[in-house]
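For reference, the structure is listed below as structure tokens.
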Amino acid sequence: MTGRLTTCRWGVLALFCAALAGCSSEPGRQAPGGPTLAEVRARGYVRCGAGRDTVGFSAPDAHGRWRGLDVDTCRAVAVAALGDRDKVRFVPLTGQQRITALLTGEIDVLPRTTTWTLQRDAGGINFTIPNYYDFTAFMIRADSGARALRDLDGASICVQTGSLTEIVFADVARRHGLTLHPVIFDNVQSTRQAFLSGRCDALATDQSALVALRALEPDRRYTIIPASDDIAPLTPAVRHGDDQWFDIVKFAIEALIVAEHLGIDRDNVEAMRGSRDPAIRRFLGVEPGNGRALGIRDDFAYQIVRQVGNYAQVYDDNLGARSGLNIPRGPNRLRRDGGLMLPIGFY
């Protein structure tokens, strides 16, 4: 009896090990191609959802060129998939349109200031890696006299429909026993213009968007009041059902973060290829395997840093000192610096 049990145990163990080996990702084996990557390669560019009026995240500049943190995030995905930051098309979408556009296949990735939530995640999309941590806030005129949430009791609030702000707005009113009167609009520009024209007492949206708007209105004075201490992870998303594309987008974003963690940027990336540090060599594709595991080129992270930059550079270009917005990084610092941006190992 003992011999049979022992034989059975060894048989189960052998089957388990075989199954585990079959599920492992061998450095020399290329991941099978998924439908999205195949479509992107056949088309020749990545389609990204964008917000036309979200300065700092995605908006055309005076020359019609798209700029912003989400724009550069999408360019990083284009580099990973196609090797070229310019092989991308931006599809302007409102808050109501964005998730539907992703679900119906109008776009390949949605990096448009969308907060990762349970119901959105369960509704047919996969959130990848947060590229910005934000929070909802109210902006009021500095001469209104309001300094705290309780001072907003009875106020009219401009709110964009189809956004998480609607839910946060209702939660704040209930939690603090406030009477707040929502004035609903279907796009960013209409919501902002209504507030600026005096139709509403306050404007509710992401704090970063309020800081950007305040920077664009230098002749007016505004105060920003946090709606709560809840952090909203703004996270690029893809459709359910294509794990390879999900992984490619995740690690394209992670490449920006890990590059900063390793001290690699646009200016030194060429020299860093000569490093003896094994982590740097794997990250840059000098030692092969990572790209092949995703079904893309091994030096995809090197190309992302060379063509786009690391996360610190992308942040400064679009939201920090070089952008003119000067939004402090706060929770968007690396984990080692007290923030929430967590590098994931490239091995």
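Residue names in the structure tokens use chain letters A, B, ... in the order shown, residue numbers from 1 in each chain, and ligand numbers from 1 in the order shown.
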Per residue of segment 159-185 of chain A within 12 Å of segment 120-124 of chain A, what are the shortest atom pair and its distance in Å to one decimal, counting only C-alpha atoms, with rows by chain and residue number, as a Markdown table?
```
| residue | atom | partner | partner_atom | distance |
| --- | --- | --- | --- | --- |
| A:Gly162 | CA | A:Arg120 | CA | 11.8 |
| A:Ser163 | CA | A:Arg120 | CA | 11.3 |
| A:Leu164 | CA | A:Arg120 | CA | 10.4 |
```
- [ ] Write out as a ChimeraX atom specification all residues of segment 196-305 of chain A that backbone DSSP assigns to helix (DSSP H, G or I).
- [x] /A:196,207-216,243-262,269-272,278-283,290-294,300-305
Okay, now the selection with N, CA and C atoms, as a compact mmCIF listing (two decimals), in the first residue's frame?
```txt
# COMPACT_ATOMS: atom_id res chain seq x y z
N LEU A 196 -15.92 79.17 -16.09
CA LEU A 196 -15.20 80.43 -16.33
C LEU A 196 -16.15 81.59 -16.61
N GLN A 207 -7.56 67.09 -9.91
CA GLN A 207 -6.75 68.21 -9.45
C GLN A 207 -5.75 68.66 -10.50
N SER A 208 -5.16 67.72 -11.23
CA SER A 208 -4.17 68.08 -12.25
C SER A 208 -4.81 68.93 -13.35
N ALA A 209 -6.05 68.60 -13.74
CA ALA A 209 -6.74 69.37 -14.77
C ALA A 209 -7.05 70.78 -14.27
N LEU A 210 -7.35 70.90 -12.98
CA LEU A 210 -7.64 72.22 -12.41
C LEU A 210 -6.37 73.08 -12.37
N VAL A 211 -5.25 72.46 -12.02
CA VAL A 211 -3.98 73.20 -12.01
C VAL A 211 -3.64 73.67 -13.41
N ALA A 212 -3.85 72.79 -14.41
CA ALA A 212 -3.57 73.16 -15.79
C ALA A 212 -4.46 74.31 -16.24
N LEU A 213 -5.75 74.26 -15.88
CA LEU A 213 -6.68 75.33 -16.25
C LEU A 213 -6.29 76.64 -15.59
N ARG A 214 -5.90 76.57 -14.34
CA ARG A 214 -5.49 77.78 -13.62
C ARG A 214 -4.25 78.41 -14.26
N ALA A 215 -3.35 77.56 -14.75
CA ALA A 215 -2.15 78.07 -15.41
C ALA A 215 -2.49 78.77 -16.72
N LEU A 216 -3.58 78.34 -17.36
CA LEU A 216 -3.99 78.93 -18.63
C LEU A 216 -4.81 80.21 -18.44
N ASP A 243 -4.22 38.77 -23.96
CA ASP A 243 -3.21 38.87 -22.91
C ASP A 243 -1.88 39.41 -23.42
N GLN A 244 -1.53 39.06 -24.65
CA GLN A 244 -0.25 39.55 -25.17
C GLN A 244 -0.25 41.08 -25.27
N TRP A 245 -1.30 41.65 -25.83
CA TRP A 245 -1.38 43.09 -25.97
C TRP A 245 -1.42 43.75 -24.60
N PHE A 246 -2.15 43.15 -23.68
CA PHE A 246 -2.21 43.61 -22.29
C PHE A 246 -0.80 43.71 -21.71
N ASP A 247 0.00 42.67 -21.91
CA ASP A 247 1.37 42.65 -21.38
C ASP A 247 2.26 43.68 -22.08
N ILE A 248 2.11 43.82 -23.39
CA ILE A 248 2.94 44.78 -24.13
C ILE A 248 2.69 46.20 -23.62
N VAL A 249 1.42 46.56 -23.46
CA VAL A 249 1.10 47.91 -22.98
C VAL A 249 1.61 48.10 -21.56
N LYS A 250 1.43 47.10 -20.69
CA LYS A 250 1.93 47.19 -19.32
C LYS A 250 3.42 47.48 -19.27
N PHE A 251 4.17 46.69 -20.03
CA PHE A 251 5.63 46.83 -19.93
C PHE A 251 6.18 47.98 -20.76
N ALA A 252 5.40 48.51 -21.69
CA ALA A 252 5.80 49.76 -22.33
C ALA A 252 5.75 50.90 -21.31
N ILE A 253 4.70 50.91 -20.48
CA ILE A 253 4.59 51.92 -19.42
C ILE A 253 5.66 51.68 -18.36
N GLU A 254 5.84 50.43 -17.98
CA GLU A 254 6.85 50.11 -16.97
C GLU A 254 8.24 50.49 -17.44
N ALA A 255 8.50 50.43 -18.73
CA ALA A 255 9.83 50.80 -19.24
C ALA A 255 10.17 52.23 -18.87
N LEU A 256 9.18 53.12 -18.91
CA LEU A 256 9.42 54.52 -18.52
C LEU A 256 9.80 54.61 -17.05
N ILE A 257 9.10 53.85 -16.21
CA ILE A 257 9.31 53.89 -14.76
C ILE A 257 10.62 53.23 -14.37
N VAL A 258 10.86 52.04 -14.93
CA VAL A 258 12.08 51.31 -14.59
C VAL A 258 13.32 52.06 -15.08
N ALA A 259 13.22 52.73 -16.22
CA ALA A 259 14.35 53.52 -16.71
C ALA A 259 14.75 54.58 -15.70
N GLU A 260 13.76 55.28 -15.15
CA GLU A 260 14.10 56.28 -14.12
C GLU A 260 14.73 55.60 -12.92
N HIS A 261 14.18 54.47 -12.50
CA HIS A 261 14.71 53.73 -11.35
C HIS A 261 16.17 53.33 -11.56
N LEU A 262 16.51 52.95 -12.79
CA LEU A 262 17.88 52.52 -13.10
C LEU A 262 18.81 53.67 -13.45
N VAL A 269 21.25 56.96 -22.55
CA VAL A 269 20.84 55.59 -22.87
C VAL A 269 21.85 54.88 -23.78
N GLU A 270 22.46 55.61 -24.69
CA GLU A 270 23.43 54.96 -25.58
C GLU A 270 24.63 54.47 -24.78
N ALA A 271 25.13 55.32 -23.89
CA ALA A 271 26.28 54.93 -23.07
C ALA A 271 25.93 53.78 -22.13
N MET A 272 24.70 53.76 -21.65
CA MET A 272 24.28 52.73 -20.69
C MET A 272 24.27 51.33 -21.32
N PRO A 278 23.96 43.74 -14.74
CA PRO A 278 23.07 42.80 -15.44
C PRO A 278 21.63 43.30 -15.55
N ALA A 279 21.15 44.06 -14.55
CA ALA A 279 19.79 44.58 -14.61
C ALA A 279 19.64 45.57 -15.76
N ILE A 280 20.65 46.42 -15.95
CA ILE A 280 20.62 47.40 -17.04
C ILE A 280 20.75 46.70 -18.39
N ARG A 281 21.62 45.70 -18.46
CA ARG A 281 21.83 44.99 -19.71
C ARG A 281 20.55 44.26 -20.14
N ARG A 282 19.86 43.63 -19.17
CA ARG A 282 18.59 42.96 -19.51
C ARG A 282 17.55 43.98 -19.93
N PHE A 283 17.47 45.09 -19.19
CA PHE A 283 16.46 46.10 -19.47
C PHE A 283 16.61 46.67 -20.88
N ASN A 290 13.69 39.39 -22.90
CA ASN A 290 12.47 40.07 -22.45
C ASN A 290 11.52 40.41 -23.59
N GLY A 291 12.06 41.00 -24.65
CA GLY A 291 11.20 41.34 -25.78
C GLY A 291 10.62 40.10 -26.44
N ARG A 292 11.45 39.08 -26.57
CA ARG A 292 10.99 37.85 -27.20
C ARG A 292 9.84 37.24 -26.41
N ALA A 293 9.90 37.33 -25.08
CA ALA A 293 8.81 36.79 -24.25
C ALA A 293 7.49 37.50 -24.52
N LEU A 294 7.56 38.77 -24.94
CA LEU A 294 6.35 39.54 -25.25
C LEU A 294 5.94 39.44 -26.72
N PHE A 300 13.17 46.77 -26.99
CA PHE A 300 12.03 47.69 -26.99
C PHE A 300 12.16 48.75 -25.90
N ALA A 301 12.69 48.38 -24.71
CA ALA A 301 12.83 49.36 -23.63
C ALA A 301 13.89 50.41 -23.99
N TYR A 302 14.98 49.97 -24.59
CA TYR A 302 16.01 50.90 -25.06
C TYR A 302 15.41 51.89 -26.05
N GLN A 303 14.62 51.39 -26.99
CA GLN A 303 14.02 52.26 -28.00
C GLN A 303 13.03 53.24 -27.36
N ILE A 304 12.28 52.79 -26.35
CA ILE A 304 11.33 53.68 -25.68
C ILE A 304 12.07 54.83 -25.00
N VAL A 305 13.13 54.51 -24.29
CA VAL A 305 13.88 55.56 -23.59
C VAL A 305 14.56 56.49 -24.61
```
TODO: Can you pull out every residue within 10 Å of segment 43-49 of chain A, counting only C-alpha atoms, but drop anything in the same chain fewer than 4 positions away, and send it as a ChimeraX atom specification?
DONE: /A:36-39,58,70-71,73-75,77-79,81-82,84-94,97-99,101-102,105-113,236-237
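Restricting the calculation to only C-alpha atoms, the smallest distance between Gln96 of chain A and any of A:Val314, A:Ala148, A:Thr114, A:Asp298 is found for A:Thr114.
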Open item on the list: Set the distance at 12 Å and use only C-alpha atoms: which residues neighbour Met139 of chain A once local chain neighbours fewer than 3 positions away are removed? I'd like the list as a PyMOL selection string.
Closed with: chain A and resi 136+142-144+146-149+152+155-159+192+195-196+200-214+221-227
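Minimum atom-to-atom distance to Asp230 of chain A, evaluated using only C-alpha atoms, belongs to A:Pro331 out of A:Gly285, A:Gly198, A:Gly324, A:Pro331.
We find atom CA of Asn131 of chain A and atom CA of Tyr311 of chain A to be spaced 8.8 Å apart.
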- [ ] Would you please extract all strand (DSSP E) residues from segment 28-167 of chain A, as assigned by DSSP on the backbone, and give them as a PyMOL selection string?
- [x] chain A and resi 46-50+59-60+66-67+88-92+125-127+132-134+136-141+156-160
Can I get the selection written as a tab-separated table (two decimals), in the first residue's frame, with N, CA and C atoms?
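Output file part-v8.tsv is given in full below:
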```
chain	number	residue	atom	x	y	z
A	46	VAL	N	-0.66	52.47	-34.09
A	46	VAL	CA	-1.49	52.21	-32.92
A	46	VAL	C	-2.55	53.31	-32.82
A	47	ARG	N	-3.79	52.93	-32.54
A	47	ARG	CA	-4.86	53.91	-32.35
A	47	ARG	C	-5.08	54.13	-30.85
A	48	CYS	N	-4.95	55.38	-30.41
A	48	CYS	CA	-5.06	55.71	-29.00
A	48	CYS	C	-6.20	56.69	-28.75
A	49	GLY	N	-6.97	56.42	-27.70
A	49	GLY	CA	-7.99	57.38	-27.28
A	49	GLY	C	-7.32	58.60	-26.68
A	50	ALA	N	-7.89	59.78	-26.92
A	50	ALA	CA	-7.30	61.02	-26.43
A	50	ALA	C	-8.39	61.99	-25.99
A	59	ALA	N	-3.55	66.88	-25.69
A	59	ALA	CA	-4.15	68.03	-26.38
A	59	ALA	C	-3.21	68.44	-27.51
A	60	PRO	N	-3.77	68.88	-28.63
A	60	PRO	CA	-2.91	69.39	-29.71
A	60	PRO	C	-2.32	70.74	-29.32
A	66	TRP	N	0.03	66.53	-31.18
A	66	TRP	CA	-0.48	66.06	-29.90
A	66	TRP	C	0.64	66.01	-28.86
A	67	ARG	N	0.32	66.52	-27.67
A	67	ARG	CA	1.30	66.52	-26.58
A	67	ARG	C	0.61	66.16	-25.26
A	88	VAL	N	1.46	56.26	-34.68
A	88	VAL	CA	0.33	56.32	-33.76
A	88	VAL	C	-0.69	57.31	-34.30
A	89	ARG	N	-1.96	57.07	-34.03
A	89	ARG	CA	-3.04	57.99	-34.38
A	89	ARG	C	-3.85	58.25	-33.12
A	90	PHE	N	-4.21	59.50	-32.90
A	90	PHE	CA	-4.96	59.87	-31.71
A	90	PHE	C	-6.42	60.14	-32.08
A	91	VAL	N	-7.33	59.50	-31.34
A	91	VAL	CA	-8.76	59.62	-31.60
A	91	VAL	C	-9.38	60.43	-30.46
A	92	PRO	N	-9.80	61.67	-30.71
A	92	PRO	CA	-10.40	62.49	-29.65
A	92	PRO	C	-11.72	61.87	-29.17
A	125	ILE	N	-12.90	45.68	-19.81
A	125	ILE	CA	-11.58	46.25	-20.10
A	125	ILE	C	-10.59	45.83	-19.03
A	126	ASN	N	-9.33	45.79	-19.41
A	126	ASN	CA	-8.24	45.49	-18.47
A	126	ASN	C	-7.40	46.75	-18.26
A	127	PHE	N	-7.25	47.16	-17.02
A	127	PHE	CA	-6.36	48.27	-16.70
A	127	PHE	C	-4.94	47.75	-16.57
A	132	TYR	N	-0.40	57.86	-13.77
A	132	TYR	CA	-0.54	59.09	-12.99
A	132	TYR	C	-1.52	58.85	-11.85
A	133	TYR	N	-1.15	59.32	-10.66
A	133	TYR	CA	-2.04	59.25	-9.49
A	133	TYR	C	-2.58	60.65	-9.21
A	134	ASP	N	-3.90	60.76	-9.12
A	134	ASP	CA	-4.54	62.07	-9.00
A	134	ASP	C	-5.60	62.02	-7.90
A	136	THR	N	-9.71	63.99	-6.95
A	136	THR	CA	-10.75	64.93	-7.36
A	136	THR	C	-10.72	66.16	-6.46
A	137	ALA	N	-10.96	67.32	-7.05
A	137	ALA	CA	-10.95	68.57	-6.29
A	137	ALA	C	-11.98	69.54	-6.86
A	138	PHE	N	-12.23	70.59	-6.12
A	138	PHE	CA	-13.12	71.67	-6.56
A	138	PHE	C	-12.28	72.93	-6.76
A	139	MET	N	-12.54	73.65	-7.84
A	139	MET	CA	-11.90	74.93	-8.05
A	139	MET	C	-12.94	76.03	-7.94
A	140	ILE	N	-12.62	77.06	-7.16
A	140	ILE	CA	-13.52	78.18	-6.94
A	140	ILE	C	-12.76	79.48	-7.16
A	141	ARG	N	-13.48	80.55	-7.32
A	141	ARG	CA	-12.83	81.86	-7.43
A	141	ARG	C	-12.27	82.26	-6.07
A	156	SER	N	-23.46	75.67	-6.67
A	156	SER	CA	-23.66	74.97	-7.94
A	156	SER	C	-22.29	74.53	-8.45
A	157	ILE	N	-22.21	73.29	-8.94
A	157	ILE	CA	-20.93	72.69	-9.33
A	157	ILE	C	-20.99	72.22	-10.77
A	158	CYS	N	-20.08	72.71	-11.61
A	158	CYS	CA	-19.96	72.23	-12.99
A	158	CYS	C	-19.28	70.86	-12.98
A	159	VAL	N	-19.93	69.86	-13.59
A	159	VAL	CA	-19.42	68.49	-13.59
A	159	VAL	C	-19.57	67.90	-14.99
A	160	GLN	N	-18.54	67.18	-15.44
A	160	GLN	CA	-18.63	66.49	-16.73
A	160	GLN	C	-19.26	65.12	-16.54
```
TODO: Find the residues around Gly56 of chain A up to 6 Å (only C-alpha atoms counted), leave out those fewer than 5 positions away in its own chain, and share them as an MDAnalysis selection string.
DONE: chainID A and resid 68 318:319
Task: From A:Gln119, A:Thr104, A:Asn310, A:Gln193, residue lying nearest Asn268 of chain A [only C-alpha atoms] - done: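 Using only C-alpha atoms, the shortest distance to Asn268 of chain A belongs to A:Asn310.
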TODO: Kindly indicate which residue among A:Gly241, A:Arg150, A:Thr165, A:Ser323 lies nearest to Thr179 of chain A, using only C-alpha atoms for the distances.
DONE: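 Of the candidates, the smallest distance to Thr179 of chain A is held by A:Arg150.
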